[in-house]
Amino acid sequence: MVSRITVHKSRLVLGMAVLGVLMAPGLALAQDAPEMLLQSNANILWTLIAGVLVMFMQAGFACVECGFTRAKNAGNILMKNYLDFGAGAIAFFLLGFGIMFGTDVSGVFGSSGFALGGANGATPDGQWTLTFWFFQSVFAATSATIVSGAVAERTKFGSYIVISIITTALIYPVSGHWCWGSLWLGDAGAGWLEGFGFIDFAGSTVVHSVGGWVGLAGALVLGPRIGKYASDGTARAIPGHNIPLASLGVFILWFGWFGFNPGSTTTADGTIGYIAVNTSLAAAAGMLGAMITVWLKHGKPDPSMTMNGVLAGLVAITAGCYELSPVGSIVIGAVAGMVCVFSVEFIDKVLKIDDPVGAVSVHGVCGALGTLGAGLLAAPGYGDAVGLFYGGSIDVFFVQALGVAVVFVWAFGVGFIAFSVVKAVMGLRASKEDEIKGLDLSEHGTEGYNGFQIFTVE
Amino acid sequence: MVSRITVHKSRLVLGMAVLGVLMAPGLALAQDAPEMLLQSNANILWTLIAGVLVMFMQAGFACVECGFTRAKNAGNILMKNYLDFGAGAIAFFLLGFGIMFGTDVSGVFGSSGFALGGANGATPDGQWTLTFWFFQSVFAATSATIVSGAVAERTKFGSYIVISIITTALIYPVSGHWCWGSLWLGDAGAGWLEGFGFIDFAGSTVVHSVGGWVGLAGALVLGPRIGKYASDGTARAIPGHNIPLASLGVFILWFGWFGFNPGSTTTADGTIGYIAVNTSLAAAAGMLGAMITVWLKHGKPDPSMTMNGVLAGLVAITAGCYELSPVGSIVIGAVAGMVCVFSVEFIDKVLKIDDPVGAVSVHGVCGALGTLGAGLLAAPGYGDAVGLFYGGSIDVFFVQALGVAVVFVWAFGVGFIAFSVVKAVMGLRASKEDEIKGLDLSEHGTEGYNGFQIFTVE
Amino acid sequence: MVSRITVHKSRLVLGMAVLGVLMAPGLALAQDAPEMLLQSNANILWTLIAGVLVMFMQAGFACVECGFTRAKNAGNILMKNYLDFGAGAIAFFLLGFGIMFGTDVSGVFGSSGFALGGANGATPDGQWTLTFWFFQSVFAATSATIVSGAVAERTKFGSYIVISIITTALIYPVSGHWCWGSLWLGDAGAGWLEGFGFIDFAGSTVVHSVGGWVGLAGALVLGPRIGKYASDGTARAIPGHNIPLASLGVFILWFGWFGFNPGSTTTADGTIGYIAVNTSLAAAAGMLGAMITVWLKHGKPDPSMTMNGVLAGLVAITAGCYELSPVGSIVIGAVAGMVCVFSVEFIDKVLKIDDPVGAVSVHGVCGALGTLGAGLLAAPGYGDAVGLFYGGSIDVFFVQALGVAVVFVWAFGVGFIAFSVVKAVMGLRASKEDEIKGLDLSEHGTEGYNGFQIFTVE
C-alpha cells in the first residue's frame, strides 16, 4: 500500500518539477529546460482555475441553503455562508493549512506553514506554495459551509461563527492531514491514513463527510426547529421558500465540482478530462436514482429530492473520480441518489434529527458511501488502485472502511464537543421569539425581501 | 470543398497529435517530443474548461425559461431542464455519441463508440476520447434543453422526459453526424454534409436550430396554453414572473457561450481569442438590434426582447465565429437581433403558435440565419472559407442553404413524429385542471415559492 | 521610476514574444522555437479565460444593483447593466480601445487601433491583439456599469445610455491611457502617469475609481430619490427588495475578480497564483472589517454592509495585488472594509448624496484607498515595487497620490459636465409620477415580477 504515497508524489508539483513523462531518461531534459517551466506554468494555471471554480461553490451552497429554508431566515443563512469563507479563509491561513499540510508529527497533524510563513512570490517554489494554498483554502471553506445547512433557521449568528472557525482551523485540517498530508511537502508531511493507501482523491470523506458529520453533531445538540415535530413526534415538512434559487444553487455547485474533482490533480495532465466524465455521469445518475426512488415511493417526482440527488452523486464520485471508469461512476452515482432519499427520510422520521436541507445525508452519508465504493469499483485503466469488484484486494476496501469510521469518530466527536462547549459558554440557539420572528429581523435587523415578502404565520 | 474535411482534421487531436505548426519540417520534432505532450495537455485543458462553461449554460436555460414563465410552473420547468442533462447525459453516453461520431455508415450515421466502449483513461488516445466526449455531451444537452422552453407550462413531465431522450439519443446526433461526424475519427467518421464544405463551426444549425425545430414541432402538436389566444384569435401576452431570474439566466448563457464558441476549436491555439471577440460583438449587436427594433415598433425598450436579442446574436454568430471578422460579427448580430423581434411576433400573432419563451425564433430562426450568414460574410484573414460578400463562390452559400433546409426537415419532421407518437401512446398535455392549477402542484406536489407566492387567478 | 515601463513591457506579449525566462541566453531558443508558440498559446488561453470571468462580473453587478434597490425598478436597472455591456462593447470597439491603447500623443491619449483596424486573425500578432482587445473590453464595461448603481431608481433610460457610451468611449479610456497606455504597443503607446511609475496593476483607480467618480457626479447632478431625505434633511433608509439576489451578485463579482486581478498579468506565468491568494484574503478581510465595524457601531451585523465589505476589500487590493504580500493584502482589505462603512454613512448622512447601492464608497473611495495603500505596502518578494513601509521611497507614495488626484479630477469633472449637458439637452431625471410608479412600468412597460409582486405604497 506504499504505492499511495507514490501516487500522491505524482500529484506533488514543487518548483520546476513536472510530469514524469517529461523527465523520462530518453528525453534528457535538464531541470531548467523550457518544457519544465511550461508544464509548471500550466499546473499553476489549472490549479488556479480549478480553485476559482471551487470558490464559486460557496455561492451554490448559499443559494441552496437559502432556497430550501424559509424567507424569514434568508439573510441569516446567506451571512453564515459568507462568514464560512470570510472567517474561514483567515483561519485557514493562520492555522488550518499548517496543521493539514505542514511537517508531519507522528502522522497525526502538521506543524509548519502557518500564515504561509516564508512563502515568496518571486520563486517557483513560493509561487507553487501560494497557488496550492489558494486551492486548499477553498476546499476548507467548502467543508465548513456544509455545516450551516444542517443547523439552519435556529442557530445564533455569533455562535455559528465560532463553530465555523473551529471547523476550518482544527476539525477539517486534522483529519485532512491523515489523508492528504503529503500533498505539499511529500513524505515529510504524510499522514497515517494515506500511508495505508486510503483512497479519497478529491475529498468525499476529507471534505464532504467531515462537513456532514459536524453538521449532524450540531443538529443533535441544537434540537429541531419549532414546529418541525408534532407533539406525537410526527415529522412535519417545512418547505423551502425559493426553489428556483435552490435550483440555481445546485447548478452552481455542479459547475464548481468540475474544479473540485478534476482540479484535485493539481497537474495539467491528460487525466483531468476523464475525471470530468466520471463526475458528470455520476451527477446524472444520482439525479435519476433519487428522482425515480422518490417517484416510486411517493408518487411524484419531487424537485428538492431530485436536486439533492445530483449533489449525492457528485459527493459520492468525489473519492473515486480518478480511479473509476465511466460505467462505475454511473453505478456509484445511481446508488448514492437512491440512498440519499432513504437517508433523508430515516434521519428525519426515525432519528428525528432536524436537518433542514438534508446536508447530513448528502454530504455525510453519501461521502461515506462514495469512499467505500471507491474500494469496490476502482477500475483497471483508471488511476492506480484496483477495487474488489475488479479482482483487487479486500484490504483496499478495509482501509476505506477504516478511513470512513475514524473520520466519523473524529469529526462527529469533536464537532459534538465544540457545539456543546459553545452552547454552555455563549449560547447556541436563538430565543423562541427570535426563531418565530425569523433570524433576519432578530439577528440582523433587516429583511430578505423588503417591501416584497409575505410573512406567513407559523 | 474537400477543404472542409481538412479543416476538421486540424481540429482533430488524437493522442500525441498537435498543431501543425509544431510539426513543421524544420523543427524536426519526434512524435514523442515533450512539446507534443505539452500541447496535447493544453488541448485537453482548454476543451475541458470550455465544456465546463457550456455545462453551466444548463443553469442559464433553466433561469431564462423559469423567469419568462409563470410562478406556478417554476419547479416544473426547472425539473425539465435538470432532466435534459440528467437523462440526456446517460442517453448520449449509451447511444448518441456513437451515432454522431462513430465509424461512418454511408455518411448518414455513426456506428461505434457506444457507452465509450474501449476508452481507457491510461492512454493519451483514451484521455482525448473521454475529454472530447465530455465536451460533446454538454452540447447535446444544450440542444435538448432548448425544447423545454417552447413546450413550457402545458406538457406532462413524464412525456417530456421521453422526448428529451429521443432528442439526445437520435434526432440531435444523426444530423450532427452529417455536419461534424469527422471530429473524432477523422475521415472514418465523416458525414455527408461536411463533405460538401458545410460551415457550422460551433453549431448554429447543429445545436441551436435542431433544438428550435424540435421545439416548434412540440408547440404545434401541443397547441397553445389555456388563455393564450382569445376566442377571436387575438394573441394575449402572458408575462414571465421573474425578470431578474431570466436576466441572470441570459448572462449565464452569454458567459457559457465563451466556452461554446471558442471551445469548439478543441485546440489551445491562437484563434480562440478572436472567436471570443466575434462572439462578444455579435451579442452586443444583437442586443442593440432587438432593443432598437422593439423600441421603434412599440415605443418602449422591452427587457425580455432585449435579452432575447443577446441570445439571437449569440446563436447567429455560432456558425461563423471562426470565419467572420469582428465587423462581420457585428453585422450578423445586429440582423439577428432585428429578425428575432419580427420572428417572435410572426410566430405568436400570425402563425398563432404558442412558444412561451421565444425559443423557436431565437434558436431555430436565428440559427438558420447565422448559418446562411456565414456563407456570405466569411472573411479573409479569419478561418478557411471566403463568403460571397468577400468574393467567394456562390456554392458556399448554396451549401449553407442546403444544410439549413435538410436539418430543418429532419429535426422538425422527426420531432413532429416523436411528439405525435408520445401523444398517442402516453399523452402529452397536462389536463386542463392541472394546467390552471399549475404544474408544480399537480405534477410535483410542491410549490416554487412556498409561503411566499401569490397565486393569481387566471 | 522608469522601471514601471519595464514592468509593463514584461506584461506585453506580442506575437511570438514570451516570458523572459524562456529567452534567457543559456537556452539559446530561436524566436520560432516550439516553446515560444506554446507559451504564446498559453498566454492567449489564460487571457481569454480571465476575460470571460470578468465578463461574468456584469451579471454580478446586475444582481447586486437589482437586489439592493426596489422591485418596481428591477427591470430598469437590469436593462442599464445590459446596455453598459451592449452599447459599451461597440463604443469601446469603435473608439475607446484606440484612445486607451493606440499610438501615444503627448502621453495624453492614443490615436490608433480604432475598430481594430488591420487586425488579422491569421497572424500571431493579430491573434494577440484580438485577445487583448477582448480582455480590455470587459474591463471597460466594468467601469461603466459601476455608474448605474449610483444613479439608480431615478434616471431616464435613454439618457443613461448616452452617459454609458461617453464613459466607455471617452472618460474611461483617456485616464486609462495615462496609466496603462503601453500595454498593447509598448513604449509607442505609453501614457504620462505610467512614466512616473504609477502602480495600478489591475485597476483600483483605472477601472473602479473612475466608475465611482462618474457615479458621484451623476448622483450629485440628479439629486436624491423621492423620499430619501425627510424635510428636516434626515436620511431615510430605502432597503433593497431582494437580498438573496444581491448576495449572489456579490459572489459572482468575487468569482469574476479572480479573472480581473490574476488575469491582468495577461501572461500564464507563476505569479497568477499568489495574485489570487492576495485577492482572496483581501476579500475575506474586507468582509470581516465591514461586518465588525457595523456590528460595533449599530449593534447588529448588517448583511448589505458585510457584502459591500467584500467588494471594498476586492476593489482595494486590485491596485496592489501583484505587489503586496498575503499579510499586506489582509491589512489593506480590512482597512477598506472599515472605511467603506464610514464612507457610506458620510456620503449618505453628511454630504446627503443619494447613492442607492454604495457604489461611490465601494468603488471610488476604496479604489483610491487601495491605490494609496499599494504605495505603502508593496512588499519585497512580490512584484517589482517596494512600498514606504518596507523601506521604499516616499516618491512611490507621492506618485500614487498624484494618480488618485488627477484621475478624480478627470473622471468627476468630465462626468459632471456630461451629466449636466445630458440634463440640459435631453433631460436626465424621470418624472415624479414615473419615479413613484417605478421605472419598470413607466420606462419599459413591464413588471419585474408579474403576477407575483406586491406594490408597496411609498
# chains A, B, ... in the order shown; residues from 1 in each chain; ligands from 1
call {"tool": "select_by_dssp", "arguments": {"residues": "stretch 258-425 of chain A", "states": "helix (DSSP H, G or I)", "output": "PyMOL selection string"}}
result
chain A and resi 258-260+262-265+272-298+303-320+326-350+359-377+388-390+394-425
call {"tool": "closest_atom_pairs", "arguments": {"of": "chain A", "to": "chain C", "cutoff": "6 Å", "atoms": "only C-alpha atoms", "output": "CSV"}}
result
residue,atom,partner,partner_atom,distance
A:Asn41,CA,C:Asp269,CA,5.4
A:Phe56,CA,C:Phe255,CA,5.9
A:Ala59,CA,C:Phe251,CA,5.7
A:Gly86,CA,C:Ala284,CA,4.1
A:Asn120,CA,C:Gly381,CA,5.4
A:Gly121,CA,C:Tyr382,CA,5.0
A:Ala122,CA,C:Gly381,CA,5.2
A:Gln127,CA,C:Gly270,CA,5.7
A:Leu130,CA,C:Tyr274,CA,5.3
A:Thr131,CA,C:Gly273,CA,4.3
A:Phe134,CA,C:Val277,CA,5.6
A:His444,CA,C:Lys300,CA,5.3
A:Gly448,CA,C:Ile243,CA,5.0
A:Tyr449,CA,C:His241,CA,4.7
A:Asn450,CA,C:His241,CA,4.7
A:Phe452,CA,C:Ile454,CA,5.7
call {"tool": "write_last_selection", "arguments": {"atoms": "N, CA and C atoms", "output": "PDB file, in the first residue's frame"}}
result
ATOM      1  N   ASN A  41       4.064  26.142 -15.321  1.00  0.00           N
ATOM      2  CA  ASN A  41       3.100  27.230 -15.509  1.00  0.00           C
ATOM      3  C   ASN A  41       1.703  26.679 -15.772  1.00  0.00           C
ATOM      4  N   PHE A  56     -16.446  29.363  -6.245  1.00  0.00           N
ATOM      5  CA  PHE A  56     -17.814  29.730  -6.644  1.00  0.00           C
ATOM      6  C   PHE A  56     -18.848  28.785  -6.024  1.00  0.00           C
ATOM      7  N   ALA A  59     -21.153  30.220  -3.494  1.00  0.00           N
ATOM      8  CA  ALA A  59     -22.411  30.809  -3.961  1.00  0.00           C
ATOM      9  C   ALA A  59     -23.473  29.736  -4.110  1.00  0.00           C
ATOM     10  N   GLY A  86     -15.265  33.973   4.748  1.00  0.00           N
ATOM     11  CA  GLY A  86     -14.517  35.137   5.222  1.00  0.00           C
ATOM     12  C   GLY A  86     -13.666  34.810   6.434  1.00  0.00           C
ATOM     13  N   ASN A 120       7.364  33.031  -0.806  1.00  0.00           N
ATOM     14  CA  ASN A 120       7.902  34.156  -1.559  1.00  0.00           C
ATOM     15  C   ASN A 120       7.371  34.104  -2.982  1.00  0.00           C
ATOM     16  N   GLY A 121       6.735  35.187  -3.397  1.00  0.00           N
ATOM     17  CA  GLY A 121       6.109  35.200  -4.707  1.00  0.00           C
ATOM     18  C   GLY A 121       7.074  35.259  -5.877  1.00  0.00           C
ATOM     19  N   ALA A 122       8.365  35.421  -5.577  1.00  0.00           N
ATOM     20  CA  ALA A 122       9.335  35.588  -6.664  1.00  0.00           C
ATOM     21  C   ALA A 122       9.991  34.275  -7.082  1.00  0.00           C
ATOM     22  N   GLN A 127       5.797  30.330  -5.536  1.00  0.00           N
ATOM     23  CA  GLN A 127       4.609  30.505  -6.381  1.00  0.00           C
ATOM     24  C   GLN A 127       3.727  29.268  -6.323  1.00  0.00           C
ATOM     25  N   LEU A 130       1.928  29.128  -2.881  1.00  0.00           N
ATOM     26  CA  LEU A 130       0.813  30.073  -2.779  1.00  0.00           C
ATOM     27  C   LEU A 130      -0.381  29.609  -3.598  1.00  0.00           C
ATOM     28  N   THR A 131      -0.114  29.066  -4.778  1.00  0.00           N
ATOM     29  CA  THR A 131      -1.209  28.553  -5.606  1.00  0.00           C
ATOM     30  C   THR A 131      -1.894  27.373  -4.920  1.00  0.00           C
ATOM     31  N   PHE A 134      -4.119  28.501  -2.148  1.00  0.00           N
ATOM     32  CA  PHE A 134      -5.414  29.006  -2.630  1.00  0.00           C
ATOM     33  C   PHE A 134      -6.376  27.852  -2.892  1.00  0.00           C
ATOM     34  N   HIS A 444     -30.189  40.374  12.476  1.00  0.00           N
ATOM     35  CA  HIS A 444     -29.524  41.291  11.549  1.00  0.00           C
ATOM     36  C   HIS A 444     -30.275  42.600  11.331  1.00  0.00           C
ATOM     37  N   GLY A 448     -35.071  39.911   4.166  1.00  0.00           N
ATOM     38  CA  GLY A 448     -34.508  39.404   2.918  1.00  0.00           C
ATOM     39  C   GLY A 448     -35.177  40.000   1.692  1.00  0.00           C
ATOM     40  N   TYR A 449     -36.484  40.255   1.830  1.00  0.00           N
ATOM     41  CA  TYR A 449     -37.257  40.730   0.676  1.00  0.00           C
ATOM     42  C   TYR A 449     -38.099  41.920   1.110  1.00  0.00           C
ATOM     43  N   ASN A 450     -37.457  43.031   1.388  1.00  0.00           N
ATOM     44  CA  ASN A 450     -38.155  44.199   1.914  1.00  0.00           C
ATOM     45  C   ASN A 450     -39.176  44.744   0.925  1.00  0.00           C
ATOM     46  N   PHE A 452     -41.671  43.255  -0.187  1.00  0.00           N
ATOM     47  CA  PHE A 452     -41.898  42.249  -1.211  1.00  0.00           C
ATOM     48  C   PHE A 452     -42.398  40.958  -0.572  1.00  0.00           C
TER      49      PHE A 452
END
call {"tool": "residues_around", "arguments": {"residues": "stretch 101-107 of chain A", "least_positions_apart": "2", "cutoff": "10 Å", "atoms": "only C-alpha atoms", "output": "MDAnalysis selection string"}}
result
chainID A and resid 96:99 109:114 133 136 173:174 176:195
call {"tool": "write_last_selection", "arguments": {"atoms": "N, CA, C and O atoms", "output": "short mmCIF file (atom, residue, chain, number, x, y, z; two decimals), in the first residue's frame"}}
result
data_model
loop_
_atom_site.label_atom_id
_atom_site.label_comp_id
_atom_site.auth_asym_id
_atom_site.auth_seq_id
_atom_site.Cartn_x
_atom_site.Cartn_y
_atom_site.Cartn_z
N GLY A 96 -5.10 26.53 9.86
CA GLY A 96 -5.54 25.28 9.23
C GLY A 96 -4.55 24.69 8.25
O GLY A 96 -4.26 23.48 8.30
N PHE A 97 -4.03 25.52 7.38
CA PHE A 97 -3.14 25.00 6.35
C PHE A 97 -1.91 24.32 6.96
O PHE A 97 -1.50 23.24 6.53
N GLY A 98 -1.34 24.95 7.98
CA GLY A 98 -0.14 24.39 8.61
C GLY A 98 -0.43 23.07 9.30
O GLY A 98 0.38 22.13 9.25
N ILE A 99 -1.61 22.97 9.92
CA ILE A 99 -1.99 21.71 10.59
C ILE A 99 -2.22 20.61 9.55
O ILE A 99 -1.90 19.45 9.77
N PHE A 109 -0.74 15.29 12.82
CA PHE A 109 -1.00 16.66 12.40
C PHE A 109 0.26 17.30 11.83
O PHE A 109 1.37 16.78 12.05
N GLY A 110 0.10 18.40 11.12
CA GLY A 110 1.23 19.12 10.56
C GLY A 110 1.66 20.26 11.46
O GLY A 110 0.88 20.68 12.33
N SER A 111 2.84 20.77 11.23
CA SER A 111 3.37 21.73 12.21
C SER A 111 4.21 22.85 11.57
O SER A 111 5.07 23.42 12.23
N SER A 112 3.94 23.16 10.30
CA SER A 112 4.68 24.27 9.69
C SER A 112 3.81 24.90 8.61
O SER A 112 2.76 24.36 8.25
N GLY A 113 4.23 26.03 8.12
CA GLY A 113 3.48 26.70 7.06
C GLY A 113 2.38 27.60 7.57
O GLY A 113 1.53 28.05 6.80
N PHE A 114 2.36 27.88 8.88
CA PHE A 114 1.33 28.78 9.42
C PHE A 114 1.50 30.18 8.84
O PHE A 114 2.63 30.67 8.71
N TRP A 133 -1.94 26.77 -1.76
CA TRP A 133 -2.70 27.28 -0.61
C TRP A 133 -4.09 27.76 -1.05
O TRP A 133 -5.09 27.46 -0.41
N GLN A 136 -6.36 24.84 -1.67
CA GLN A 136 -6.77 24.15 -0.45
C GLN A 136 -7.68 25.03 0.42
O GLN A 136 -8.54 24.50 1.14
N PRO A 173 -8.72 20.35 9.19
CA PRO A 173 -7.31 20.10 8.83
C PRO A 173 -6.69 18.88 9.51
O PRO A 173 -5.81 18.25 8.92
N VAL A 174 -7.13 18.51 10.70
CA VAL A 174 -6.50 17.35 11.35
C VAL A 174 -6.84 16.07 10.59
O VAL A 174 -5.94 15.33 10.17
N GLY A 176 -7.93 15.94 7.67
CA GLY A 176 -7.36 16.16 6.34
C GLY A 176 -5.89 15.78 6.28
O GLY A 176 -5.43 15.20 5.29
N HIS A 177 -5.18 16.07 7.34
CA HIS A 177 -3.76 15.71 7.39
C HIS A 177 -3.56 14.20 7.31
O HIS A 177 -2.65 13.71 6.63
N TRP A 178 -4.42 13.46 8.00
CA TRP A 178 -4.30 12.00 7.96
C TRP A 178 -4.34 11.46 6.53
O TRP A 178 -3.66 10.51 6.19
N CYS A 179 -5.18 12.09 5.71
CA CYS A 179 -5.46 11.55 4.36
C CYS A 179 -4.62 12.21 3.26
O CYS A 179 -4.31 11.58 2.25
N TRP A 180 -4.33 13.50 3.41
CA TRP A 180 -3.72 14.26 2.32
C TRP A 180 -2.43 14.98 2.74
O TRP A 180 -1.93 15.84 1.98
N GLY A 181 -1.92 14.66 3.90
CA GLY A 181 -0.80 15.44 4.45
C GLY A 181 0.39 15.60 3.53
O GLY A 181 1.10 16.60 3.57
N SER A 182 0.60 14.60 2.67
CA SER A 182 1.82 14.63 1.84
C SER A 182 1.71 15.54 0.62
O SER A 182 2.69 15.71 -0.11
N LEU A 183 0.55 16.13 0.38
CA LEU A 183 0.36 16.81 -0.91
C LEU A 183 1.24 18.04 -1.09
O LEU A 183 1.50 18.46 -2.21
N TRP A 184 1.67 18.63 -0.01
CA TRP A 184 2.53 19.83 -0.15
C TRP A 184 4.01 19.49 0.02
O TRP A 184 4.82 19.81 -0.84
N LEU A 185 4.33 18.77 1.10
CA LEU A 185 5.75 18.53 1.39
C LEU A 185 6.19 17.10 1.10
O LEU A 185 7.31 16.71 1.45
N GLY A 186 5.34 16.32 0.47
CA GLY A 186 5.71 14.93 0.19
C GLY A 186 5.81 14.11 1.47
O GLY A 186 5.05 14.34 2.42
N ASP A 187 6.72 13.17 1.51
CA ASP A 187 6.86 12.28 2.66
C ASP A 187 6.99 13.04 3.98
O ASP A 187 6.52 12.57 5.02
N ALA A 188 7.58 14.22 3.92
CA ALA A 188 7.79 14.98 5.15
C ALA A 188 6.47 15.39 5.80
O ALA A 188 6.43 15.72 6.99
N GLY A 189 5.39 15.37 5.02
CA GLY A 189 4.12 15.79 5.57
C GLY A 189 3.09 14.68 5.68
O GLY A 189 1.94 14.92 6.06
N ALA A 190 3.48 13.45 5.34
CA ALA A 190 2.50 12.37 5.17
C ALA A 190 1.76 12.00 6.45
O ALA A 190 2.37 11.81 7.50
N GLY A 191 0.44 11.86 6.35
CA GLY A 191 -0.39 11.45 7.48
C GLY A 191 -0.52 9.92 7.55
O GLY A 191 -0.15 9.21 6.61
N TRP A 192 -1.10 9.44 8.63
CA TRP A 192 -1.10 7.99 8.86
C TRP A 192 -2.04 7.23 7.92
O TRP A 192 -1.70 6.14 7.45
N LEU A 193 -3.20 7.81 7.59
CA LEU A 193 -4.15 7.04 6.77
C LEU A 193 -3.66 6.90 5.33
O LEU A 193 -3.83 5.85 4.71
N GLU A 194 -3.06 7.94 4.80
CA GLU A 194 -2.58 7.82 3.43
C GLU A 194 -1.45 6.80 3.34
O GLU A 194 -1.23 6.18 2.30
N GLY A 195 -0.76 6.56 4.45
CA GLY A 195 0.27 5.53 4.48
C GLY A 195 -0.31 4.13 4.24
O GLY A 195 0.37 3.24 3.74
#
call {"tool": "atom_distance", "arguments": {"atom1": "atom CA of B:Thr47", "atom2": "atom CA of B:Val386"}}
result
26.8 Å
call {"tool": "residues_around", "arguments": {"residues": "A:Gly227", "least_positions_apart": "2", "cutoff": "10 Å", "atoms": "only C-alpha atoms", "output": "MDAnalysis selection string"}}
result
chainID A and resid 224:225 229:231 235:238 436 458
call {"tool": "atom_distance", "arguments": {"atom1": "atom CA of C:Val315", "atom2": "atom CA of C:Ser343"}}
result
14.4 Å
